[in-house]
Every structure is written in structure tokens, then in C-alpha cells.
Amino acid sequence: MPKTSHACTAPRHHVHDGASFVAAVERACVERGLRLTPIRARVLGFIADAGAPIKAYELLDLVRDGEGPGAAAPPTVYRALDFLLANGFIHKLQSVNAFVACHHPDTAQHSVPFLICDSCHSAVELEDEAVVKALDARARALGFVPQAQTLEVHGLCAACAAR
Ligand SMILES: [Zn+2]
Ligand SMILES: [Zn+2]
């Protein structure tokens with residue numbers, strides 16, 4: 001059963017059950033000719049299950065705890081993160097140095113503003129193309145050639161603000 005309705009700006013929208021999210025990414029990988037290796041799938045599952053931004057060292061701990069002495073070495077985990085980032089399955093939040101799952105894994109890597117709650121630490125994609133396009137257009141009007149946008153808005157989510 002889905003936990004939430006499909007309102008993309010709902011504060012808890014980023015909560016995925018890990019298994020079904022990994023399955024969706026697996027399908028996207030097949031369609032795009034990418035390979036979701038076991039370690040990539042495992043890292044992705046941990047990020048999706050976290051439900052809030054998760055840091056690299058926390059992921060390393062989860063991988064080690066789950067696999068024991070034969071666990072994947074940190075560089076392997078970092079390479080898995082690079083793959084997931086490059087293909088748009090996760091986002092990196094620069095201001096909190098943590099990762100979140102992207103809830104539309106069927107689209108390619110994309111720029112998207114994030115709303116980050118400083119109380120419960122949830123992070124939600126602000127799905128508004130107009131914001132991204134307006135920034136891009138303003139930059140180009142100044143002769144600037146934009147290549148990536150990092151837009152992270154800090155504050156309180158609706159639930160925390162109402163408390
Ligand atoms: Zn996304
Ligand atoms: Zn909150």
C-alpha cells in the first residue's frame with residue numbers, strides 16, 4: 001500500500017520503501033542500458049530506506065554492518081554513489097553533505113531545488129521547472145553559461161512549522 005498520495009510536494013514524499021524503489025531503478029537501468037550491480041543496488045536501497053538525507057559515512061557503516069568482514073571497501077561504495085548520482089537516481093545535498101533518493105528515477109540527471117527542514121531533516125524536491133528555467137535564463141542573459149544548479153532552501157517543513 002502506498003503510504004502517501006501522489007502529491008509531489010508532500011513533506012514525506014521522499015519516503016520510499018527501499019525494495020520497490022530499487023526495483024523501479026532496476027527497470028530504468030535496463031531501459032537505459034545501465035548495470036545496477038549488487039553493491040549499487042544495496043547502496044541505493046539504504047538511501048531510499050533512510051527516508052531523510054543520509055551521509056556517506058552512515059552508508060559505509062550500513063554496508064559494513066550488513067556484510068560483515070567481507071564487506072565492500074569504502075572506494076567501492078563511493079564508486080556506487082558516483083554511478084547513482086551521475087545517472088540521476090539520487091541527489092547530493094551540498095549544504096548538508098548527504099544523499100537522498102530521487103523519486104523520479106526514470107528521468108535523466110536533473111537540476112532541482114530542494115527544501116530542507118532543519119528540524120526533522122526531511123528534504124523534498126521542489127518540482128517546479130519554472131524556477132530552474134528562470135535561473136538558467138537569467139544567467140544566460142548575463143552571458144553566463146550555466147552547467148549545474150545547486151539550490152537548497154533551509155527552513156521548516158509544513159509539519160514542523162505547524163508544531
Ligand atoms: Zn530528482
Ligand atoms: Zn520538518
# chains A, B, ... in the order shown; residues from 1 in each chain; ligands from 1

$ closest_atom_pairs --of "chain A" --to "ligand 1" --cutoff "6 Å" --atoms "only C-alpha atoms and all ligand atoms" --output "JSON lines"
{"residue": "A:Cys102", "atom": "CA", "partner": "ligand 1", "partner_atom_place_in_ligand_line": "1 (Zn)", "distance": 3.9}
{"residue": "A:His103", "atom": "CA", "partner": "ligand 1", "partner_atom_place_in_ligand_line": "1 (Zn)", "distance": 5.7}
{"residue": "A:His104", "atom": "CA", "partner": "ligand 1", "partner_atom_place_in_ligand_line": "1 (Zn)", "distance": 5.8}

$ closest_atom_pairs --of "range 18-124 of chain A" --to "range 147-161 of chain A" --cutoff "6 Å" --atoms "only C-alpha atoms" --output "CSV"
residue,atom,partner,partner_atom,distance
A:Ser111,CA,A:Gln149,CA,5.8
A:Pro113,CA,A:Leu151,CA,4.7
A:Phe114,CA,A:Glu152,CA,4.8
A:Leu115,CA,A:Val153,CA,4.9
A:Ile116,CA,A:His154,CA,4.9
A:Cys117,CA,A:Leu156,CA,4.6
A:Asp118,CA,A:Gly155,CA,5.7

$ write_last_selection --atoms "N, CA and C atoms" --output "CSV table (one decimal), in the first residue's frame"
chain,number,residue,atom,x,y,z
A,111,SER,N,18.6,19.1,-12.6
A,111,SER,CA,18.7,20.0,-11.5
A,111,SER,C,17.4,20.3,-10.9
A,113,PRO,N,15.6,22.3,-7.3
A,113,PRO,CA,15.8,22.9,-6.0
A,113,PRO,C,15.3,22.0,-4.8
A,114,PHE,N,15.9,22.1,-3.7
A,114,PHE,CA,15.5,21.3,-2.5
A,114,PHE,C,15.0,22.1,-1.4
A,115,LEU,N,14.0,21.7,-0.7
A,115,LEU,CA,13.5,22.3,0.5
A,115,LEU,C,14.0,21.4,1.7
A,116,ILE,N,14.8,21.9,2.5
A,116,ILE,CA,15.4,21.1,3.6
A,116,ILE,C,15.0,21.5,4.9
A,117,CYS,N,14.3,20.7,5.7
A,117,CYS,CA,13.8,21.0,7.0
A,117,CYS,C,15.0,20.9,8.1
A,118,ASP,N,15.2,22.0,8.8
A,118,ASP,CA,16.3,21.9,9.8
A,118,ASP,C,15.9,21.3,11.1

$ atom_distance --atom1 "CA of Val112 in chain A" --atom2 "CA of Ala19 in chain A"
24.3 Å

$ residues_around --residues "range 31-41 of chain A" --least-positions-apart "6" --cutoff "8 Å" --atoms "only C-alpha atoms" --output "PyMOL selection string"
chain A and resi 22+72+76-77+80-81+83-84

$ select_by_dssp --residues "range 71-156 of chain A" --states "helix (DSSP H, G or I)" --output "NGL selection string"
:A and (74-86 or 129-141)

$ atom_distance --atom1 "CA of Pro53 in chain A" --atom2 "CA of Leu93 in chain A"
7.8 Å

$ closest_residue --among "A:Ala73, A:Ile90, A:Leu59, A:Ala52" --to "ligand 2" --atoms "only C-alpha atoms and all ligand atoms"
A:Ala52

$ closest_residue --among "A:Ala86, A:Val30, A:Val100, A:Leu60" --to "His121 in chain A" --atoms "only C-alpha atoms"
A:Val100

$ select_by_dssp --residues "chain A" --states "strand (DSSP E)" --output "MDAnalysis selection string"
chainID A and resid 90:93 98:101 114:117 123:125 152:155

$ write_last_selection --atoms "N, CA and C atoms" --output "PDB file, in the first residue's frame"
ATOM      1  N   ILE A  90      19.919   9.345  -7.493  1.00  0.00           N
ATOM      2  CA  ILE A  90      19.982  10.003  -6.186  1.00  0.00           C
ATOM      3  C   ILE A  90      20.437  11.450  -6.409  1.00  0.00           C
ATOM      4  N   HIS A  91      20.247  12.282  -5.402  1.00  0.00           N
ATOM      5  CA  HIS A  91      20.774  13.642  -5.420  1.00  0.00           C
ATOM      6  C   HIS A  91      21.723  13.807  -4.250  1.00  0.00           C
ATOM      7  N   LYS A  92      22.716  14.684  -4.425  1.00  0.00           N
ATOM      8  CA  LYS A  92      23.568  15.046  -3.295  1.00  0.00           C
ATOM      9  C   LYS A  92      23.164  16.439  -2.833  1.00  0.00           C
ATOM     10  N   LEU A  93      22.902  16.561  -1.545  1.00  0.00           N
ATOM     11  CA  LEU A  93      22.596  17.867  -0.968  1.00  0.00           C
ATOM     12  C   LEU A  93      23.900  18.443  -0.439  1.00  0.00           C
ATOM     13  N   ALA A  98      24.910  15.236   2.166  1.00  0.00           N
ATOM     14  CA  ALA A  98      24.196  13.967   2.321  1.00  0.00           C
ATOM     15  C   ALA A  98      23.431  13.648   1.038  1.00  0.00           C
ATOM     16  N   PHE A  99      22.974  12.402   0.963  1.00  0.00           N
ATOM     17  CA  PHE A  99      22.318  11.906  -0.252  1.00  0.00           C
ATOM     18  C   PHE A  99      20.849  11.601  -0.012  1.00  0.00           C
ATOM     19  N   VAL A 100      20.028  11.835  -1.037  1.00  0.00           N
ATOM     20  CA  VAL A 100      18.633  11.423  -0.985  1.00  0.00           C
ATOM     21  C   VAL A 100      18.296  10.709  -2.296  1.00  0.00           C
ATOM     22  N   ALA A 101      17.293   9.832  -2.218  1.00  0.00           N
ATOM     23  CA  ALA A 101      16.827   9.161  -3.428  1.00  0.00           C
ATOM     24  C   ALA A 101      16.025  10.156  -4.264  1.00  0.00           C
ATOM     25  N   PHE A 114      15.894  22.059  -3.692  1.00  0.00           N
ATOM     26  CA  PHE A 114      15.471  21.255  -2.550  1.00  0.00           C
ATOM     27  C   PHE A 114      15.011  22.135  -1.404  1.00  0.00           C
ATOM     28  N   LEU A 115      13.985  21.677  -0.712  1.00  0.00           N
ATOM     29  CA  LEU A 115      13.544  22.303   0.526  1.00  0.00           C
ATOM     30  C   LEU A 115      13.992  21.384   1.659  1.00  0.00           C
ATOM     31  N   ILE A 116      14.841  21.895   2.527  1.00  0.00           N
ATOM     32  CA  ILE A 116      15.432  21.063   3.573  1.00  0.00           C
ATOM     33  C   ILE A 116      14.954  21.547   4.933  1.00  0.00           C
ATOM     34  N   CYS A 117      14.339  20.655   5.701  1.00  0.00           N
ATOM     35  CA  CYS A 117      13.834  21.027   7.024  1.00  0.00           C
ATOM     36  C   CYS A 117      14.956  20.888   8.055  1.00  0.00           C
ATOM     37  N   ALA A 123      14.030  16.251   3.286  1.00  0.00           N
ATOM     38  CA  ALA A 123      14.403  17.032   2.118  1.00  0.00           C
ATOM     39  C   ALA A 123      13.442  16.696   0.996  1.00  0.00           C
ATOM     40  N   VAL A 124      12.868  17.709   0.392  1.00  0.00           N
ATOM     41  CA  VAL A 124      11.863  17.492  -0.633  1.00  0.00           C
ATOM     42  C   VAL A 124      12.284  18.219  -1.897  1.00  0.00           C
ATOM     43  N   GLU A 125      12.136  17.542  -3.039  1.00  0.00           N
ATOM     44  CA  GLU A 125      12.407  18.205  -4.307  1.00  0.00           C
ATOM     45  C   GLU A 125      11.281  19.187  -4.601  1.00  0.00           C
ATOM     46  N   GLU A 152      19.410  25.011  -2.541  1.00  0.00           N
ATOM     47  CA  GLU A 152      18.923  24.320  -1.351  1.00  0.00           C
ATOM     48  C   GLU A 152      18.376  25.357  -0.377  1.00  0.00           C
ATOM     49  N   VAL A 153      17.099  25.253  -0.116  1.00  0.00           N
ATOM     50  CA  VAL A 153      16.418  26.219   0.748  1.00  0.00           C
ATOM     51  C   VAL A 153      16.223  25.576   2.122  1.00  0.00           C
ATOM     52  N   HIS A 154      16.760  26.216   3.152  1.00  0.00           N
ATOM     53  CA  HIS A 154      16.626  25.686   4.517  1.00  0.00           C
ATOM     54  C   HIS A 154      15.484  26.347   5.256  1.00  0.00           C
ATOM     55  N   GLY A 155      14.859  25.607   6.154  1.00  0.00           N
ATOM     56  CA  GLY A 155      13.766  26.170   6.936  1.00  0.00           C
ATOM     57  C   GLY A 155      13.032  25.075   7.673  1.00  0.00           C
TER      58      GLY A 155
END

$ closest_residue --among "A:Cys120, A:Leu126, A:Leu135, A:Ala50" --to "ligand 2" --atoms "only C-alpha atoms and all ligand atoms"
A:Cys120

$ closest_residue --among "A:Ser119, A:Val25, A:Arg163, A:Asp128" --to "ligand 2" --atoms "only C-alpha atoms and all ligand atoms"
A:Ser119

$ closest_residue --among "A:Ser122, A:Asp17, A:Asp106, A:Asp136" --to "ligand 2" --atoms "only C-alpha atoms and all ligand atoms"
A:Ser122
